[in-house]
Every structure is written in structure tokens, then in C-alpha cells.
$ cat model.csv   # CSV, C-alpha atoms
chain,number,residue,atom,x,y,z
A,1,MET,CA,11.5,-31.2,132.5
A,2,THR,CA,12.7,-29.2,135.5
A,3,LEU,CA,12.1,-25.5,135.4
A,4,LYS,CA,14.0,-22.9,137.4
A,5,ILE,CA,11.0,-20.6,137.5
A,6,ASP,CA,7.5,-21.4,138.8
A,7,PHE,CA,5.4,-20.1,135.9
A,8,GLU,CA,2.1,-21.3,137.3
A,9,ALA,CA,2.6,-19.3,140.5
A,10,LEU,CA,3.2,-16.2,138.3
A,11,LYS,CA,-0.4,-16.3,137.1
A,12,THR,CA,-1.7,-15.2,140.5
A,13,LEU,CA,1.0,-12.9,141.8
A,14,SER,CA,-0.1,-9.5,143.1
A,15,PRO,CA,1.6,-6.5,141.4
A,16,THR,CA,3.6,-5.9,144.6
A,17,GLU,CA,5.1,-9.4,144.4
A,18,ILE,CA,6.4,-8.9,140.8
A,19,LYS,CA,10.1,-8.2,141.1
A,20,PRO,CA,12.7,-8.0,138.3
A,21,ILE,CA,14.8,-11.2,137.9
A,22,GLN,CA,18.6,-10.5,137.9
A,23,VAL,CA,21.6,-12.7,137.5
A,24,LEU,CA,24.4,-10.2,136.9
A,25,ASP,CA,24.4,-6.9,138.9
A,26,GLU,CA,25.7,-3.6,137.5
A,27,GLN,CA,29.2,-4.5,138.6
A,28,GLY,CA,29.2,-7.8,136.6
A,29,LYS,CA,28.9,-9.9,139.7
A,30,VAL,CA,26.7,-13.0,139.8
A,31,VAL,CA,23.9,-12.4,142.4
A,32,ALA,CA,21.6,-15.4,141.6
A,33,PRO,CA,23.8,-18.4,140.8
A,34,GLU,CA,20.7,-20.7,140.9
A,35,LEU,CA,19.5,-18.8,137.8
A,36,PHE,CA,22.8,-18.8,135.9
A,37,PRO,CA,22.1,-20.1,132.4
A,38,ASP,CA,23.5,-23.4,131.2
A,39,LEU,CA,25.9,-21.9,128.8
A,40,SER,CA,29.5,-22.9,128.1
A,41,ASP,CA,32.3,-20.3,128.1
A,42,GLU,CA,32.3,-20.5,124.3
A,43,ARG,CA,28.6,-19.8,124.2
A,44,LEU,CA,28.9,-16.9,126.7
A,45,VAL,CA,31.5,-15.3,124.4
A,46,GLU,CA,29.3,-15.9,121.4
A,47,LEU,CA,26.4,-14.1,123.1
A,48,PHE,CA,28.6,-11.1,124.0
A,49,LYS,CA,29.9,-10.9,120.4
A,50,LYS,CA,26.3,-10.9,119.1
A,51,MET,CA,25.5,-8.0,121.5
A,52,LEU,CA,28.6,-6.1,120.4
A,53,TRP,CA,27.6,-6.7,116.8
A,54,SER,CA,24.2,-5.1,117.5
A,55,ARG,CA,25.8,-2.1,119.1
A,56,ILE,CA,28.2,-1.6,116.2
A,57,LEU,CA,25.3,-2.0,113.8
A,58,ASP,CA,23.4,0.7,115.6
A,59,GLU,CA,26.3,3.1,115.4
A,60,ARG,CA,26.9,2.4,111.7
A,61,SER,CA,23.1,2.6,110.8
A,62,THR,CA,22.9,5.9,112.5
A,63,LYS,CA,25.7,7.3,110.4
A,64,LEU,CA,24.3,5.7,107.2
A,65,ASN,CA,20.9,7.3,108.0
A,66,ARG,CA,22.5,10.8,108.4
A,67,GLN,CA,24.4,10.3,105.1
A,68,GLY,CA,21.0,9.8,103.4
A,69,ARG,CA,22.0,6.2,102.5
A,70,LEU,CA,19.6,4.5,104.9
A,71,GLY,CA,15.9,5.2,105.4
A,72,PHE,CA,13.8,4.5,108.5
A,73,PHE,CA,15.8,3.5,111.6
A,74,ALA,CA,14.9,2.9,115.2
A,75,PRO,CA,18.0,3.0,117.4
A,76,THR,CA,18.7,-0.1,119.5
A,77,ALA,CA,21.7,0.9,121.6
A,78,GLY,CA,21.0,0.0,125.3
A,79,GLU,CA,18.6,-2.8,124.4
A,80,GLU,CA,21.2,-5.4,123.4
A,81,ALA,CA,20.6,-7.7,126.4
A,82,SER,CA,16.8,-7.5,125.9
A,83,GLN,CA,16.9,-8.1,122.2
A,84,ILE,CA,19.9,-10.3,121.5
A,85,ALA,CA,19.9,-12.5,124.6
A,86,SER,CA,16.2,-13.3,124.2
A,87,GLU,CA,16.8,-14.2,120.5
A,88,PHE,CA,19.8,-16.3,121.6
A,89,ALA,CA,17.5,-18.5,123.7
A,90,MET,CA,15.3,-19.4,120.6
A,91,GLN,CA,15.7,-22.0,117.9
A,92,LYS,CA,16.0,-21.5,114.2
A,93,GLU,CA,12.6,-23.1,113.7
A,94,ASP,CA,10.8,-20.8,116.2
A,95,PHE,CA,8.6,-18.2,114.5
A,96,LEU,CA,9.8,-14.6,115.0
A,97,LEU,CA,7.3,-11.7,114.6
A,98,PRO,CA,9.4,-8.5,115.2
A,99,ALA,CA,8.4,-4.9,115.6
A,100,TYR,CA,10.3,-2.1,113.8
A,101,ARG,CA,13.0,-1.9,116.5
A,102,ASP,CA,13.7,-5.6,116.3
A,103,VAL,CA,15.8,-5.8,113.2
A,104,PRO,CA,18.9,-7.1,115.1
A,105,GLN,CA,16.9,-10.2,116.2
A,106,LEU,CA,15.7,-10.7,112.7
A,107,VAL,CA,19.2,-10.7,111.3
A,108,MET,CA,20.4,-13.0,114.1
A,109,HIS,CA,17.5,-15.3,113.2
A,110,GLY,CA,18.7,-15.5,109.6
A,111,LEU,CA,17.9,-12.4,107.6
A,112,PRO,CA,20.8,-11.3,105.4
A,113,LEU,CA,22.0,-7.9,106.6
A,114,GLU,CA,21.6,-6.3,103.1
A,115,LYS,CA,17.9,-7.4,103.2
A,116,ALA,CA,17.5,-5.5,106.5
A,117,PHE,CA,19.1,-2.4,104.9
A,118,LEU,CA,16.8,-2.8,101.8
A,119,TRP,CA,13.8,-2.9,104.2
A,120,SER,CA,14.9,0.3,105.8
A,121,ARG,CA,15.2,1.9,102.3
A,122,GLY,CA,11.7,0.9,101.4
A,123,HIS,CA,12.7,-1.6,98.8
A,124,VAL,CA,10.5,-4.6,98.0
A,125,LEU,CA,13.4,-6.9,98.0
A,126,GLY,CA,13.8,-6.2,101.7
A,127,ASN,CA,10.6,-8.2,102.3
A,128,GLN,CA,11.5,-11.2,100.2
A,129,TYR,CA,13.0,-13.6,102.7
A,130,PRO,CA,15.0,-16.8,102.4
A,131,GLU,CA,12.8,-19.9,102.4
A,132,ASP,CA,14.3,-21.2,105.6
A,133,LEU,CA,13.8,-18.0,107.5
A,134,VAL,CA,10.8,-18.5,109.9
A,135,ALA,CA,9.8,-14.9,110.4
A,136,LEU,CA,7.6,-12.0,109.2
A,137,PRO,CA,9.0,-8.6,108.2
A,138,PRO,CA,9.0,-6.0,111.0
A,139,GLN,CA,5.6,-4.7,112.0
A,140,ILE,CA,5.1,-0.9,111.8
A,141,ILE,CA,1.6,-0.9,113.3
A,142,ILE,CA,2.0,-0.8,117.1
A,143,GLY,CA,0.9,-4.0,118.8
A,144,ALA,CA,-0.4,-5.7,115.6
A,145,GLN,CA,2.3,-8.4,115.8
A,146,TYR,CA,0.8,-9.6,119.1
A,147,VAL,CA,-2.4,-10.6,117.3
A,148,GLN,CA,-0.4,-12.2,114.5
A,149,ALA,CA,1.8,-14.1,117.0
A,150,ALA,CA,-1.3,-15.6,118.7
A,151,GLY,CA,-2.5,-16.8,115.3
A,152,VAL,CA,0.8,-18.2,114.3
A,153,ALA,CA,1.1,-20.0,117.6
A,154,LEU,CA,-2.3,-21.5,117.2
A,155,GLY,CA,-1.1,-22.9,113.8
A,156,LEU,CA,2.0,-24.4,115.5
A,157,LYS,CA,-0.2,-26.0,118.1
A,158,LYS,CA,-2.6,-27.5,115.5
A,159,LYS,CA,0.4,-28.9,113.6
A,160,GLY,CA,1.9,-30.4,116.7
A,161,SER,CA,5.1,-28.4,116.2
A,162,PRO,CA,7.7,-28.4,118.9
A,163,ASN,CA,8.3,-24.7,118.4
A,164,VAL,CA,7.0,-21.4,119.7
A,165,ALA,CA,6.0,-18.1,118.1
A,166,TYR,CA,7.7,-15.1,119.8
A,167,THR,CA,7.2,-11.4,119.4
A,168,TYR,CA,8.1,-8.0,120.8
A,169,THR,CA,6.6,-4.7,121.6
A,170,GLY,CA,7.5,-1.6,123.6
A,171,ASP,CA,5.9,-0.4,126.8
A,172,GLY,CA,3.6,1.9,124.7
A,173,GLY,CA,2.4,-1.2,122.8
A,174,THR,CA,0.8,-2.5,126.0
A,175,SER,CA,-1.8,0.3,125.8
A,176,GLN,CA,-3.0,-0.9,122.4
A,177,GLY,CA,-6.1,-3.0,122.0
A,178,ASP,CA,-4.1,-5.5,119.9
A,179,PHE,CA,-1.9,-6.2,122.8
A,180,TYR,CA,-4.6,-7.5,125.1
A,181,GLU,CA,-6.5,-9.2,122.2
A,182,GLY,CA,-3.3,-11.1,121.4
A,183,ILE,CA,-2.4,-12.3,124.8
A,184,ASN,CA,-6.1,-13.0,125.7
A,185,PHE,CA,-6.5,-15.2,122.5
A,186,ALA,CA,-3.2,-17.0,123.2
A,187,GLY,CA,-4.2,-17.7,126.8
A,188,ALA,CA,-7.7,-18.9,125.9
A,189,PHE,CA,-6.3,-21.4,123.4
A,190,GLN,CA,-3.2,-22.2,125.4
A,191,VAL,CA,-0.9,-21.7,122.4
A,192,PRO,CA,2.9,-21.8,122.4
A,193,ALA,CA,3.7,-18.1,122.3
A,194,ILE,CA,6.2,-15.8,124.1
A,195,PHE,CA,5.3,-12.2,124.3
A,196,VAL,CA,8.1,-9.8,125.1
A,197,VAL,CA,7.5,-6.2,126.3
A,198,GLN,CA,10.6,-4.1,126.0
A,199,ASN,CA,9.9,-1.5,128.6
A,200,ASN,CA,12.4,1.3,127.8
A,201,GLY,CA,10.4,3.9,129.8
A,202,TYR,CA,8.8,5.8,127.0
A,203,ALA,CA,6.2,5.4,124.3
A,204,ILE,CA,8.1,7.8,122.0
A,205,SER,CA,8.0,10.7,124.4
A,206,VAL,CA,5.2,9.6,126.8
A,207,PRO,CA,6.5,8.2,130.1
A,208,ARG,CA,5.3,4.7,131.0
A,209,THR,CA,3.8,6.0,134.2
A,210,VAL,CA,1.5,8.4,132.2
A,211,GLN,CA,0.2,5.9,129.6
A,212,THR,CA,-0.9,3.2,132.1
A,213,ALA,CA,-1.7,3.1,135.8
A,214,ALA,CA,-0.5,-0.5,136.1
A,215,LYS,CA,2.4,-0.8,138.6
A,216,THR,CA,4.1,-3.2,136.2
A,217,LEU,CA,3.5,-4.3,132.6
A,218,ALA,CA,4.1,-8.0,133.5
A,219,GLN,CA,1.0,-8.0,135.6
A,220,LYS,CA,-1.1,-7.4,132.5
A,221,GLY,CA,-0.6,-11.1,131.7
A,222,ILE,CA,-2.6,-12.1,134.8
A,223,ALA,CA,-5.8,-10.6,133.3
A,224,ALA,CA,-5.4,-13.0,130.4
A,225,GLY,CA,-4.6,-16.0,132.7
A,226,ILE,CA,-1.0,-16.3,131.6
A,227,PRO,CA,2.3,-16.0,133.5
A,228,GLY,CA,3.7,-12.6,133.6
A,229,LEU,CA,7.2,-11.9,134.8
A,230,GLN,CA,9.7,-9.0,134.9
A,231,VAL,CA,13.4,-9.2,134.2
A,232,ASP,CA,16.4,-6.8,134.3
A,233,GLY,CA,16.6,-6.0,130.6
A,234,MET,CA,20.1,-4.8,130.9
A,235,ASP,CA,21.3,-8.2,132.2
A,236,ALA,CA,21.9,-10.5,129.3
A,237,LEU,CA,22.2,-13.6,131.4
A,238,ALA,CA,18.9,-13.0,133.2
A,239,VAL,CA,17.1,-12.3,129.9
A,240,TYR,CA,18.5,-15.5,128.5
A,241,THR,CA,17.5,-17.6,131.5
A,242,VAL,CA,14.0,-16.2,131.6
A,243,MET,CA,13.4,-16.6,127.8
A,244,SER,CA,14.9,-20.1,127.8
A,245,GLU,CA,12.7,-21.2,130.7
A,246,ALA,CA,9.7,-19.6,129.2
A,247,ARG,CA,10.3,-21.5,126.0
A,248,LYS,CA,10.6,-24.8,127.8
A,249,TYR,CA,7.3,-24.1,129.6
A,250,SER,CA,5.5,-23.1,126.5
A,251,VAL,CA,6.6,-25.9,124.2
A,252,ALA,CA,5.5,-28.4,126.9
A,253,GLY,CA,1.9,-27.4,126.2
A,254,ASN,CA,1.4,-25.0,129.1
A,255,GLY,CA,0.5,-22.0,127.0
A,256,PRO,CA,1.9,-18.5,126.5
A,257,VAL,CA,4.2,-16.4,128.7
A,258,LEU,CA,4.5,-12.6,129.0
A,259,ILE,CA,7.9,-11.2,129.8
A,260,GLU,CA,8.6,-7.5,130.6
A,261,THR,CA,12.2,-6.5,130.2
A,262,LEU,CA,13.3,-3.4,132.0
A,263,THR,CA,15.6,-1.7,129.5
A,264,TYR,CA,16.5,1.7,128.0
A,265,ARG,CA,17.2,3.1,124.6
A,266,PHE,CA,20.2,5.4,124.7
A,267,GLY,CA,19.2,7.2,121.5
A,268,PRO,CA,15.9,8.7,120.2
A,269,HIS,CA,12.8,6.7,119.4
A,270,THR,CA,13.6,6.8,115.7
A,271,LEU,CA,15.9,9.0,113.6
A,272,SER,CA,12.8,10.5,112.0
A,273,GLY,CA,12.8,13.7,114.1
A,274,ASP,CA,12.5,12.6,117.7
A,275,ASP,CA,14.7,14.5,120.2
A,276,PRO,CA,14.8,12.6,123.6
A,277,HIS,CA,16.4,15.6,125.3
A,278,ARG,CA,13.0,17.3,125.1
A,279,TYR,CA,11.5,14.8,127.5
A,280,ARG,CA,14.4,13.1,129.3
A,281,THR,CA,16.9,14.6,131.7
A,282,ALA,CA,20.6,14.2,131.6
A,283,ASN,CA,20.6,12.7,135.1
A,284,GLU,CA,18.2,10.0,134.0
A,285,GLU,CA,20.2,9.1,130.9
A,286,ASN,CA,23.5,9.0,132.9
A,287,GLU,CA,21.9,6.7,135.5
A,288,TRP,CA,20.9,4.2,132.7
A,289,LEU,CA,24.3,4.5,131.0
A,290,GLN,CA,25.8,3.1,134.2
A,291,LYS,CA,23.7,0.0,133.5
A,292,ASP,CA,25.0,-0.5,130.0
A,293,PRO,CA,24.4,-4.2,129.2
A,294,LEU,CA,27.7,-4.4,127.2
A,295,ILE,CA,29.8,-3.0,130.0
A,296,ARG,CA,28.2,-5.3,132.6
A,297,PHE,CA,28.6,-8.5,130.5
A,298,ARG,CA,32.1,-7.4,129.4
A,299,THR,CA,33.2,-6.9,133.0
A,300,TYR,CA,32.0,-10.5,133.8
A,301,LEU,CA,33.8,-12.0,130.9
A,302,ASP,CA,37.0,-10.0,131.6
A,303,ALA,CA,37.0,-11.3,135.2
A,304,LYS,CA,36.9,-14.9,133.8
A,305,GLY,CA,39.6,-14.3,131.3
A,306,LEU,CA,37.3,-14.9,128.4
A,307,TRP,CA,37.5,-11.5,126.7
A,308,SER,CA,40.2,-9.0,125.9
A,309,LYS,CA,40.7,-5.5,124.3
A,310,GLU,CA,42.5,-7.2,121.4
A,311,GLN,CA,39.6,-9.6,120.8
A,312,GLU,CA,37.2,-6.7,120.8
A,313,GLU,CA,39.2,-4.6,118.4
A,314,ASP,CA,39.5,-7.5,115.9
A,315,PHE,CA,35.8,-8.3,116.1
A,316,THR,CA,34.8,-4.7,115.7
A,317,ALA,CA,36.9,-4.4,112.5
A,318,GLN,CA,35.2,-7.6,111.2
A,319,VAL,CA,31.7,-6.2,111.9
A,320,ASN,CA,32.4,-2.9,110.3
A,321,GLU,CA,33.6,-4.7,107.2
A,322,GLU,CA,30.4,-6.8,107.2
A,323,VAL,CA,28.2,-3.7,107.5
A,324,THR,CA,30.1,-1.9,104.7
A,325,GLU,CA,29.7,-4.9,102.3
A,326,ALA,CA,26.0,-5.3,103.2
A,327,MET,CA,25.4,-1.7,102.4
A,328,LYS,CA,27.2,-2.0,99.1
A,329,LYS,CA,24.9,-4.9,98.1
A,330,ALA,CA,21.8,-3.0,99.2
A,331,GLU,CA,22.8,0.0,97.1
A,332,GLN,CA,23.4,-2.2,94.1
A,333,ALA,CA,19.7,-3.4,94.1
A,334,PRO,CA,17.8,-2.3,91.0
A,335,LYS,CA,15.9,1.0,91.3
A,336,GLN,CA,12.2,0.5,91.9
A,337,LYS,CA,9.6,1.7,89.4
A,338,ILE,CA,6.1,3.1,90.0
A,339,SER,CA,4.7,0.4,87.8
A,340,GLU,CA,6.3,-2.2,90.1
A,341,TYR,CA,4.8,-0.6,93.2
A,342,LEU,CA,1.3,-0.8,91.6
A,343,GLN,CA,1.9,-4.4,90.5
A,344,ASN,CA,2.7,-5.4,94.1
A,345,VAL,CA,-0.6,-4.1,95.5
A,346,PHE,CA,-2.8,-7.1,94.6
A,347,VAL,CA,-2.3,-10.7,94.0
A,348,GLU,CA,-4.8,-10.4,91.1
A,349,THR,CA,-4.5,-6.9,89.7
A,350,PRO,CA,-7.9,-5.2,89.0
A,351,GLN,CA,-8.5,-4.0,85.4
A,352,ALA,CA,-8.5,-0.3,86.5
A,353,LEU,CA,-5.1,-0.7,88.1
A,354,GLU,CA,-3.8,-2.6,85.0
A,355,GLU,CA,-4.6,0.4,82.9
A,356,GLN,CA,-2.6,2.7,85.3
A,357,ILE,CA,0.3,0.2,85.2
A,358,ALA,CA,0.3,0.2,81.4
A,359,LYS,CA,0.5,4.0,81.4
A,360,PHE,CA,3.5,4.1,83.8
A,361,VAL,CA,5.3,1.3,81.9
A,362,ALA,CA,5.0,3.3,78.7
A,363,LYS,CA,6.5,6.4,80.5
A,364,GLU,CA,9.3,4.3,82.1
A,365,GLU,CA,10.2,2.9,78.7
A,366,GLU,CA,10.6,6.3,77.0
$ encode --input "model.csv" --output "C-alpha cells"
Amino acid sequence: MTLKIDFEALKTLSPTEIKPIQVLDEQGKVVAPELFPDLSDERLVELFKKMLWSRILDERSTKLNRQGRLGFFAPTAGEEASQIASEFAMQKEDFLLPAYRDVPQLVMHGLPLEKAFLWSRGHVLGNQYPEDLVALPPQIIIGAQYVQAAGVALGLKKKGSPNVAYTYTGDGGTSQGDFYEGINFAGAFQVPAIFVVQNNGYAISVPRTVQTAAKTLAQKGIAAGIPGLQVDGMDALAVYTVMSEARKYSVAGNGPVLIETLTYRFGPHTLSGDDPHRYRTANEENEWLQKDPLIRFRTYLDAKGLWSKEQEEDFTAQVNEEVTEAMKKAEQAPKQKISEYLQNVFVETPQALEEQIAKFVAKEEE
């Protein structure tokens, strides 16, 4: 197995030596041909379409939320390269442990879109997954998925599985105790895990430079004895290469990898009241808009004659239809009852709760 990246050397880099890996610059030009991923033209187009799908889903989900038809939603526009290109490098049998902003990866991994909508609406059916989907529901507790990923990866190692566990958090998540506990455990037991930190600059409204004095977030892996590297999170090809190489390294028995993707969320933290204009400047937002991962990748594909305006219009129409149908299915789900909420609390329901359930069942049948 020949790797393009020296992961062992990354364990001992000084913070000043950690630089973001880039394949495509902001003008869509290849600047590191030696790191260009081994993807056919067809696969490159497929990756772009999945990123475009995610952008359209973000736009539609925002509208559905404002119509009162969708519940909790964390916008993803701007993070398509970080999210979709990293998922694109994984295999169906790899175990995904997403955070609440990582619904696009979860759907790409095999979750039906209507299930994702049901999860957002707080419906129990949104947590009932297909048997062949190797994933957990999105984690709401910041950083908790890092501890879970370490445990899942240990299980994969004990089973001799040729797969990895992979998980995501934001830059704010690296200031949680669970973050370090997860990567430290994974490093100590040399388990096949890939930890992705999507550094979008803010922990809700707190700037990254305020919530940690570390020069990079990738360097935090060094404390746990694992490789830590930084990648241009607006460059889909760089993200894919780094994630793919990390996967090869990890499944070969070399232990976990920590990847920091430098990205940006164009919208608010969530649609639950956050206003990014209160803590971000227009100049900053415009600067990042120039780095839009879709524009960059589209420019590259256009130059190669692999993508056109007509293709994009046709695909956009297909995705909008898909979203509309998925929302219809979600809205047709049976209404939940209080008795059902109580029945789902315990595997073996205590007697006191049984009595409450019986009371609510009686009321619901009136």
C-alpha cells in the first residue's frame, strides 16, 4: 500500500509546520497534481452532483423550516466539500457517527431522505434505520460522538473488520472533554477511526481564536499520539484525497487520524434563533463566498467539458422533485401520541410508568 501522505511524520509536526492541503485553488486550477485523487471523469461528476444535491437540500430545508413543516435544522451551505467529499471516500460498510449538521452525509450513506425529515420533526420513525445502514442517528450532545466512535472502532478492531468508524464535530467541539477522551482512547488502542473537525470559524457565535489558544485544531491530535492534518475544506478534491488516504492508513492497522477541514457555513448556526450578522462582518462573509466549493469544482469541470448549465438545470429539477416527495412521505407519518413517547423511554417499562401510560391511552381513546 503506497500512501501519498506521510501520516507517521504528522504525529510529530510542530504547529507552525501544519499547513492546509489543497488540490484545487479558488480559480478551479490544479495546484497539487501529485495529490489529485484517483477518480474517473464519471466519478468526478458524481461527486459534484452529490455536492449540488446537498446545496439544494439546504435551500429547500430552510424554506420548509420557515413554513413550519420542518423542525430543527442546521444549515450546511458552504460545507459541501467538507461533508460530501469526505463521505464520498468512505465505503458503505464503514460506520458513520454524525453530528447534527451532518445529515447530508447520513443520507448519502443510505438513510432515506424522508427519515431525515422525520428526525428533524422529532418523530420516532426518524430514528428507525434500515438494517443495512451502518450508522447512528445524529448526535446532539457536542463531542459525544467522538467517544462513541472510539468505542465502535474498538469493536471493529476486535472483530477484524476491514472498515473504519468515522465521525464529525465542529471547531467548538474540540473544546469539549469528550473530544480529547475520544481521540486519546482511539490512539491508545490504535483503533480504525477517522475524526473530522469541520472548522467553520465559530462555535455558534464564539470565534475559534477565542475558544482555544491552539494555532490549529489538527495539532490536537499530536497530544493523543495520532496524526493530525489540515485540509482546505472548500476544496472537494483535497478533502477526498485526505479522507481516502486516511482511510487506507487506518484500515491497515495504523490507528486513528484527525483531520481538520477549513470550511465556512454561509448561513446561521441553526435556524433556531441564531443571527450570524451579529458576530460576523459582511467583508468576512464575502471573502468566504469567493471560496464557494461548488463554484470552484464547477469551474474545474466546466474547463474539462464535463458539466454544463443544461445538466445542472435538469439535475436541480430532479432533486427538487425528490425533496418534495420525501417531505410528502414524512408528513404522512402517523401522529405520535404521548403514550407512545412514554413507551419508548425504557426497554422494560417500570410499573409507575405503566400506570401513566394506561391513563394516557385511556384519554387518547376517548
$ closest_atom_pairs --input "model.csv" --of "segment 59-99 of chain A" --to "segment 127-133 of chain A" --cutoff "9 Å" --atoms "only C-alpha atoms" --output "tab-separated table"
residue	atom	partner	partner_atom	distance
A:Lys92	CA	A:Leu133	CA	7.9
A:Glu93	CA	A:Leu133	CA	8.1
A:Phe95	CA	A:Leu133	CA	8.7
$ closest_residue --input "model.csv" --among "A:Glu17, A:Glu8, A:Glu310, A:Asp235" --to "Leu47 of chain A" --atoms "all atoms listed in the file"
A:Asp235
$ residues_near_point --input "model.csv" --point "(4.0, -10.4, 113.0)" --cutoff "10 Å" --atoms "only C-alpha atoms" --output "count of residues only"
26
$ atom_distance --input "model.csv" --atom1 "atom CA of Pro20 of chain A" --atom2 "atom CA of Ala188 of chain A"
26.2 Å
$ residues_around --input "model.csv" --residues "Ile84 of chain A" --least-positions-apart "4" --cutoff "9 Å" --atoms "only C-alpha atoms" --output "list of chain:residue names"
A:Leu47, A:Lys50, A:Met51, A:Ser54, A:Glu79, A:Glu80, A:Phe88, A:Ala89, A:Pro104, A:Gln105, A:Met108, A:Ala236, A:Tyr240
$ atom_distance --input "model.csv" --atom1 "atom CA of Asp171 of chain A" --atom2 "atom CA of Val197 of chain A"
6.0 Å
$ atom_distance --input "model.csv" --atom1 "atom CA of Lys304 of chain A" --atom2 "atom CA of Ala238 of chain A"
18.1 Å
